[in-house]
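> A single structure is presented below for examination.
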Amino acid sequence: MKQYIVDAFTPEPFAGNPAAVCVMERWPSEASMMKLAMENNLSETAFIVKEESGYHLRWFTPGTEVELCGHATLASSYVILNHYEPQNDQVIFNTLSGPLTVTRRGSLYRMDFPTYDLKEIPVTDDMARAFGVQPVRAVLGLDLVCVFDNEDDVRAMTPDQALLAKLPGRIQNATAAGREADCVSRSFCPKLAIPEDPVCGSAHCQIAVYWADVLGKKTIHAYQASRRGGHLTCEVLGNGRIAISGEAALVAVGEIVAGM
């Protein structure tokens, strides 16, 4: 089967967030998909099988299958709309998070994603010790979002992975208001066997909703301040949905020859 390496949320290779995308005629075993995800050692490996109504898409980290992944969905849509259905500008993926529609608009891929209810929770000493900086606010949805005083705190922090893993939420995010973007953030995922996700689309289903409410804006221009960096445009649609848009760049095309 073919495997594509695509950098998401960037127009240039070797930035943004890399994902492996495998397009298959039928499903291998879950154990085989898990082994390939571990072999790739990227934050996500996406597996796609064509169905009568679109494509079935699943995402695996090196540690587990996940219910939603933004950058690997963007990478998957890039592969389908450029290498399998170039005549189309829209693709529907059937996933653990329901049907996800991605629409190509010029160089951007616009993903229609669910949001998550956020509730404010107390800032704790454990959070400060884990991040190495005192948060000013914390909210919890699928992930933990800790808000900090300034962008420099978020960019410079070196969290303790073991302590992060003891905090609530699937992913532990740090965010602050940005100087050039509406917000900056970083996403740490020790529970998923990923120390830091370079650009996390699913986390922005919560981060962007938080900042849209704080700033009184429907569209949030977000920057993920990891070493690779990446840009996301997030439009809160209401009714539990958000549109997250970004660019993508193809890095490599290969063939998996090991038995799956």
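If you're wondering about the labels, chains in the structure tokens are A, B, ... by order shown, residues count from 1 in each chain, ligands from 1 in order shown.
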Any chance you could tabulate, as JSON lines, the residues of region 60-99 of chain A at most 12 Å from region 247-256 of chain A with each one's nearest atom pair and distance in Å to one decimal, using only C-alpha atoms, in chain and rising number order?

```
{"residue": "A:His71", "atom": "CA", "partner": "A:Ala248", "partner_atom": "CA", "distance": 9.1}
{"residue": "A:Ala72", "atom": "CA", "partner": "A:Ala248", "partner_atom": "CA", "distance": 10.4}
{"residue": "A:Thr73", "atom": "CA", "partner": "A:Ala248", "partner_atom": "CA", "distance": 10.8}
{"residue": "A:Leu74", "atom": "CA", "partner": "A:Ala248", "partner_atom": "CA", "distance": 7.3}
{"residue": "A:Ala75", "atom": "CA", "partner": "A:Ala248", "partner_atom": "CA", "distance": 6.7}
{"residue": "A:Ser76", "atom": "CA", "partner": "A:Ala248", "partner_atom": "CA", "distance": 10.0}
{"residue": "A:Ser77", "atom": "CA", "partner": "A:Ala248", "partner_atom": "CA", "distance": 9.6}
{"residue": "A:Tyr78", "atom": "CA", "partner": "A:Ala248", "partner_atom": "CA", "distance": 6.9}
{"residue": "A:Val79", "atom": "CA", "partner": "A:Leu250", "partner_atom": "CA", "distance": 8.5}
{"residue": "A:Leu81", "atom": "CA", "partner": "A:Ala248", "partner_atom": "CA", "distance": 11.8}
{"residue": "A:Asn82", "atom": "CA", "partner": "A:Leu250", "partner_atom": "CA", "distance": 10.1}
{"residue": "A:His83", "atom": "CA", "partner": "A:Val253", "partner_atom": "CA", "distance": 10.8}
```
> Export N, CA and C atoms of the chosen residues as a PDB file, in the first residue's frame?

```pdb
ATOM      1  N   HIS A  71      -4.545  17.575  12.210  1.00  0.00           N
ATOM      2  CA  HIS A  71      -3.514  17.685  11.172  1.00  0.00           C
ATOM      3  C   HIS A  71      -3.497  16.464  10.262  1.00  0.00           C
ATOM      4  N   ALA A  72      -3.804  15.277  10.803  1.00  0.00           N
ATOM      5  CA  ALA A  72      -3.831  14.085   9.954  1.00  0.00           C
ATOM      6  C   ALA A  72      -5.066  14.055   9.062  1.00  0.00           C
ATOM      7  N   THR A  73      -6.151  14.731   9.482  1.00  0.00           N
ATOM      8  CA  THR A  73      -7.312  14.882   8.595  1.00  0.00           C
ATOM      9  C   THR A  73      -6.984  15.825   7.451  1.00  0.00           C
ATOM     10  N   LEU A  74      -6.292  16.922   7.777  1.00  0.00           N
ATOM     11  CA  LEU A  74      -5.865  17.848   6.722  1.00  0.00           C
ATOM     12  C   LEU A  74      -4.940  17.129   5.742  1.00  0.00           C
ATOM     13  N   ALA A  75      -3.981  16.373   6.281  1.00  0.00           N
ATOM     14  CA  ALA A  75      -3.054  15.630   5.424  1.00  0.00           C
ATOM     15  C   ALA A  75      -3.798  14.607   4.568  1.00  0.00           C
ATOM     16  N   SER A  76      -4.790  13.941   5.151  1.00  0.00           N
ATOM     17  CA  SER A  76      -5.563  12.938   4.415  1.00  0.00           C
ATOM     18  C   SER A  76      -6.356  13.580   3.286  1.00  0.00           C
ATOM     19  N   SER A  77      -6.957  14.742   3.556  1.00  0.00           N
ATOM     20  CA  SER A  77      -7.712  15.417   2.500  1.00  0.00           C
ATOM     21  C   SER A  77      -6.779  15.885   1.391  1.00  0.00           C
ATOM     22  N   TYR A  78      -5.588  16.335   1.758  1.00  0.00           N
ATOM     23  CA  TYR A  78      -4.601  16.724   0.744  1.00  0.00           C
ATOM     24  C   TYR A  78      -4.306  15.536  -0.179  1.00  0.00           C
ATOM     25  N   VAL A  79      -4.091  14.364   0.404  1.00  0.00           N
ATOM     26  CA  VAL A  79      -3.765  13.182  -0.392  1.00  0.00           C
ATOM     27  C   VAL A  79      -4.933  12.789  -1.295  1.00  0.00           C
ATOM     28  N   LEU A  81      -7.571  14.583  -2.353  1.00  0.00           N
ATOM     29  CA  LEU A  81      -7.985  15.586  -3.342  1.00  0.00           C
ATOM     30  C   LEU A  81      -6.894  15.926  -4.353  1.00  0.00           C
ATOM     31  N   ASN A  82      -5.669  15.474  -4.102  1.00  0.00           N
ATOM     32  CA  ASN A  82      -4.604  15.714  -5.073  1.00  0.00           C
ATOM     33  C   ASN A  82      -4.160  14.446  -5.800  1.00  0.00           C
ATOM     34  N   HIS A  83      -4.297  13.285  -5.163  1.00  0.00           N
ATOM     35  CA  HIS A  83      -3.753  12.065  -5.753  1.00  0.00           C
ATOM     36  C   HIS A  83      -4.813  11.036  -6.122  1.00  0.00           C
TER      37      HIS A  83
END
```
> Taking 2 positions as the minimum chain separation for residues in the same chain, which residues sit within 9 Å of region 223-237 of chain A when counting only C-alpha atoms? Answer as a compact mmCIF listing (two decimals) with N, CA and C atoms, in the first residue's frame.

```
# COMPACT_ATOMS: atom_id res chain seq x y z
N ALA A 8 1.33 19.32 7.62
CA ALA A 8 0.06 20.04 7.70
C ALA A 8 0.22 21.37 8.42
N PHE A 9 -0.66 22.30 8.08
CA PHE A 9 -0.69 23.65 8.63
C PHE A 9 0.57 24.43 8.27
N THR A 10 1.07 24.19 7.06
CA THR A 10 2.22 24.91 6.54
C THR A 10 2.21 24.83 5.02
N PHE A 14 8.83 20.49 5.81
CA PHE A 14 9.70 20.51 6.98
C PHE A 14 9.30 21.57 8.00
N ALA A 15 8.04 21.92 7.99
CA ALA A 15 7.45 22.78 9.02
C ALA A 15 6.08 22.19 9.33
N GLY A 16 5.30 22.87 10.15
CA GLY A 16 3.98 22.37 10.48
C GLY A 16 4.05 21.03 11.21
N ASN A 17 3.07 20.18 10.97
CA ASN A 17 2.98 18.91 11.68
C ASN A 17 2.95 17.76 10.68
N ARG A 110 -10.33 23.36 4.39
CA ARG A 110 -11.23 23.80 5.46
C ARG A 110 -11.95 22.59 6.04
N THR A 115 -16.93 20.92 18.21
CA THR A 115 -16.31 21.57 19.37
C THR A 115 -16.65 20.76 20.62
N VAL A 154 4.69 30.93 27.16
CA VAL A 154 4.29 29.72 26.41
C VAL A 154 5.44 29.24 25.53
N ARG A 155 6.10 30.16 24.85
CA ARG A 155 7.18 29.78 23.94
C ARG A 155 8.38 29.17 24.68
N GLY A 178 -1.62 36.39 21.60
CA GLY A 178 -0.44 36.55 20.77
C GLY A 178 -0.19 37.99 20.36
N GLU A 180 1.32 38.74 17.18
CA GLU A 180 1.03 38.81 15.75
C GLU A 180 -0.18 37.96 15.37
N ALA A 181 -0.49 36.95 16.16
CA ALA A 181 -1.70 36.14 15.97
C ALA A 181 -2.65 36.44 17.13
N ASP A 182 -3.89 36.01 17.00
CA ASP A 182 -4.83 36.19 18.11
C ASP A 182 -4.40 35.41 19.34
N CYS A 183 -3.81 34.24 19.12
CA CYS A 183 -3.34 33.44 20.24
C CYS A 183 -2.16 32.59 19.79
N VAL A 184 -1.34 32.22 20.77
CA VAL A 184 -0.29 31.24 20.54
C VAL A 184 -0.55 30.07 21.49
N SER A 185 -0.08 28.91 21.13
CA SER A 185 -0.32 27.75 21.98
C SER A 185 0.75 26.70 21.74
N ARG A 186 0.82 25.77 22.68
CA ARG A 186 1.61 24.55 22.53
C ARG A 186 0.79 23.41 23.11
N SER A 187 0.97 22.21 22.54
CA SER A 187 0.16 21.06 22.91
C SER A 187 1.06 19.89 23.30
N GLU A 196 5.32 16.43 22.52
CA GLU A 196 4.69 17.67 22.06
C GLU A 196 4.21 17.48 20.63
N ASP A 197 2.95 17.83 20.39
CA ASP A 197 2.40 17.78 19.04
C ASP A 197 2.75 19.11 18.37
N PRO A 198 3.45 19.09 17.22
CA PRO A 198 3.91 20.35 16.63
C PRO A 198 2.80 21.33 16.29
N VAL A 199 1.69 20.84 15.72
CA VAL A 199 0.52 21.69 15.45
C VAL A 199 -0.71 20.81 15.62
N CYS A 200 -1.53 21.11 16.60
CA CYS A 200 -2.64 20.22 16.96
C CYS A 200 -3.97 20.86 16.56
N GLY A 201 -4.58 20.31 15.50
CA GLY A 201 -5.86 20.83 15.06
C GLY A 201 -6.98 20.58 16.03
N HIS A 204 -7.37 22.86 18.92
CA HIS A 204 -7.94 24.18 18.61
C HIS A 204 -9.46 24.16 18.51
N CYS A 205 -10.06 22.98 18.53
CA CYS A 205 -11.51 22.91 18.70
C CYS A 205 -11.91 23.45 20.07
N ALA A 208 -9.42 27.65 20.23
CA ALA A 208 -10.01 28.74 19.43
C ALA A 208 -11.38 29.15 19.98
N VAL A 209 -12.15 28.18 20.48
CA VAL A 209 -13.46 28.51 21.07
C VAL A 209 -13.25 29.38 22.31
N ALA A 212 -12.17 32.89 21.06
CA ALA A 212 -13.28 33.56 20.39
C ALA A 212 -14.21 34.20 21.40
N LYS A 217 -14.66 37.44 19.05
CA LYS A 217 -14.45 37.27 17.61
C LYS A 217 -14.91 35.89 17.19
N LYS A 218 -15.42 35.79 15.96
CA LYS A 218 -15.81 34.47 15.45
C LYS A 218 -14.65 33.76 14.76
N THR A 219 -13.72 34.55 14.21
CA THR A 219 -12.58 33.97 13.51
C THR A 219 -11.31 34.26 14.29
N ILE A 220 -10.57 33.20 14.58
CA ILE A 220 -9.34 33.29 15.36
C ILE A 220 -8.18 32.84 14.49
N HIS A 221 -7.17 33.70 14.40
CA HIS A 221 -5.93 33.33 13.72
C HIS A 221 -4.95 32.86 14.79
N ASN A 239 -23.55 25.99 17.04
CA ASN A 239 -24.18 24.66 17.02
C ASN A 239 -23.17 23.53 17.18
N GLY A 240 -22.13 23.80 17.98
CA GLY A 240 -21.16 22.76 18.26
C GLY A 240 -20.21 22.43 17.14
N ARG A 241 -19.99 23.37 16.21
CA ARG A 241 -19.08 23.12 15.09
C ARG A 241 -18.08 24.27 14.96
N ILE A 242 -16.92 23.93 14.39
CA ILE A 242 -15.88 24.91 14.12
C ILE A 242 -15.21 24.54 12.80
N ALA A 243 -14.84 25.53 12.01
CA ALA A 243 -14.09 25.31 10.77
C ALA A 243 -12.63 25.66 11.03
N ILE A 244 -11.75 24.71 10.79
CA ILE A 244 -10.32 24.92 10.96
C ILE A 244 -9.65 24.74 9.60
N SER A 245 -8.93 25.77 9.18
CA SER A 245 -8.33 25.77 7.85
C SER A 245 -6.82 25.88 7.94
N GLY A 246 -6.14 25.23 6.99
CA GLY A 246 -4.69 25.32 6.91
C GLY A 246 -4.20 24.80 5.58
N GLU A 247 -2.92 25.01 5.33
CA GLU A 247 -2.29 24.54 4.12
C GLU A 247 -1.55 23.23 4.39
```
> From a backbone DSSP assignment, name each residue in region 14-247 of chain A labelled strand (DSSP E), as a ChimeraX atom specification.
/A:17-24,45-51,54-60,65-66,90-95,98-105,108-114,119-121,137-140,144-147,172-177,183-189,194-197,219-224,230-238,241-246
> Which one is closest to Glu120 (chain A): A:Gly63, A:Gly216, A:Gly141, A:Gly106? Count only C-alpha atoms.
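Closest to Glu120 (chain A), using only C-alpha atoms: A:Gly141.
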> Find the residues near region 85-92 of chain A: any atom within 8 Å, counting only C-alpha atoms, skip ones fewer than 3 places away on the same chain, and give them as a PDB file with N, CA and C atoms, in the first residue's frame.

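So around_28.pdb came out as:
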```pdb
ATOM      1  N   SER A  53     -20.030   5.719   0.766  1.00  0.00           N
ATOM      2  CA  SER A  53     -20.320   7.114   1.108  1.00  0.00           C
ATOM      3  C   SER A  53     -19.055   7.776   1.650  1.00  0.00           C
ATOM      4  N   GLY A  54     -18.102   8.044   0.761  1.00  0.00           N
ATOM      5  CA  GLY A  54     -16.883   8.730   1.155  1.00  0.00           C
ATOM      6  C   GLY A  54     -15.795   7.762   1.564  1.00  0.00           C
ATOM      7  N   TYR A  55     -15.026   8.166   2.562  1.00  0.00           N
ATOM      8  CA  TYR A  55     -13.876   7.389   3.013  1.00  0.00           C
ATOM      9  C   TYR A  55     -13.958   7.171   4.522  1.00  0.00           C
ATOM     10  N   SER A  77      -6.957  14.742   3.556  1.00  0.00           N
ATOM     11  CA  SER A  77      -7.712  15.417   2.500  1.00  0.00           C
ATOM     12  C   SER A  77      -6.779  15.885   1.391  1.00  0.00           C
ATOM     13  N   ILE A  80      -6.141  12.713  -0.747  1.00  0.00           N
ATOM     14  CA  ILE A  80      -7.297  12.293  -1.550  1.00  0.00           C
ATOM     15  C   ILE A  80      -7.579  13.281  -2.666  1.00  0.00           C
ATOM     16  N   LEU A  81      -7.571  14.583  -2.353  1.00  0.00           N
ATOM     17  CA  LEU A  81      -7.985  15.586  -3.342  1.00  0.00           C
ATOM     18  C   LEU A  81      -6.894  15.926  -4.353  1.00  0.00           C
ATOM     19  N   ASN A  82      -5.669  15.474  -4.102  1.00  0.00           N
ATOM     20  CA  ASN A  82      -4.604  15.714  -5.073  1.00  0.00           C
ATOM     21  C   ASN A  82      -4.160  14.446  -5.800  1.00  0.00           C
ATOM     22  N   PRO A  99     -19.165  12.055  10.680  1.00  0.00           N
ATOM     23  CA  PRO A  99     -18.727  12.502   9.359  1.00  0.00           C
ATOM     24  C   PRO A  99     -17.997  13.839   9.457  1.00  0.00           C
ATOM     25  N   LEU A 100     -16.830  13.926   8.825  1.00  0.00           N
ATOM     26  CA  LEU A 100     -16.047  15.158   8.788  1.00  0.00           C
ATOM     27  C   LEU A 100     -15.870  15.567   7.331  1.00  0.00           C
ATOM     28  N   THR A 101     -16.327  16.762   7.000  1.00  0.00           N
ATOM     29  CA  THR A 101     -16.240  17.274   5.632  1.00  0.00           C
ATOM     30  C   THR A 101     -15.059  18.230   5.515  1.00  0.00           C
ATOM     31  N   VAL A 102     -14.235  18.018   4.492  1.00  0.00           N
ATOM     32  CA  VAL A 102     -13.106  18.910   4.223  1.00  0.00           C
ATOM     33  C   VAL A 102     -13.283  19.475   2.819  1.00  0.00           C
ATOM     34  N   THR A 103     -13.165  20.790   2.712  1.00  0.00           N
ATOM     35  CA  THR A 103     -13.347  21.480   1.437  1.00  0.00           C
ATOM     36  C   THR A 103     -12.073  22.223   1.067  1.00  0.00           C
ATOM     37  N   ARG A 104     -11.635  22.032  -0.180  1.00  0.00           N
ATOM     38  CA  ARG A 104     -10.452  22.752  -0.670  1.00  0.00           C
ATOM     39  C   ARG A 104     -10.870  24.114  -1.202  1.00  0.00           C
ATOM     40  N   ARG A 105     -10.200  25.160  -0.694  1.00  0.00           N
ATOM     41  CA  ARG A 105     -10.440  26.526  -1.146  1.00  0.00           C
ATOM     42  C   ARG A 105      -9.099  27.148  -1.491  1.00  0.00           C
TER      43      ARG A 105
END
```
> Report as a count of residues only all protein, DNA and RNA residues lying within 12 Å of Cys189 (chain A), evaluated on only C-alpha atoms, omitting residues in the same chain fewer than 3 positions from it.
36
> Would you kindly return, as a list of chain:residue names, each protein, DNA or RNA residue with an atom no farther than 10 Å from any atom of Glu30 (chain A), considering only C-alpha atoms and excluding same-chain residues fewer than 4 positions away?
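The residues that qualify are A:Met34, A:Lys35, A:Leu36, A:Phe60, A:Glu65, A:Met260.
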> CA of Val145 (chain A) and CA of Ile121 (chain A) are how many Å apart?
10.0 Å
> Between A:Tyr116, A:Phe47, A:Phe188, A:Phe93, which is the closest to Tyr210 (chain A) once you count only C-alpha atoms?
A:Tyr116
> Go ahead and compute the interatomic distance for CA of Met111 (chain A) and CA of Leu140 (chain A), in Å to one decimal.
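Going from CA of Met111 (chain A) over to CA of Leu140 (chain A), I get 22.6 Å.
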> From the set A:Glu151, A:Cys22, A:Val123, A:Pro190, which residue has the shortest atom-to-atom contact distance to Ala138 (chain A), counting only C-alpha atoms?
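With only C-alpha atoms as the atom set, the closest residue is A:Val123.
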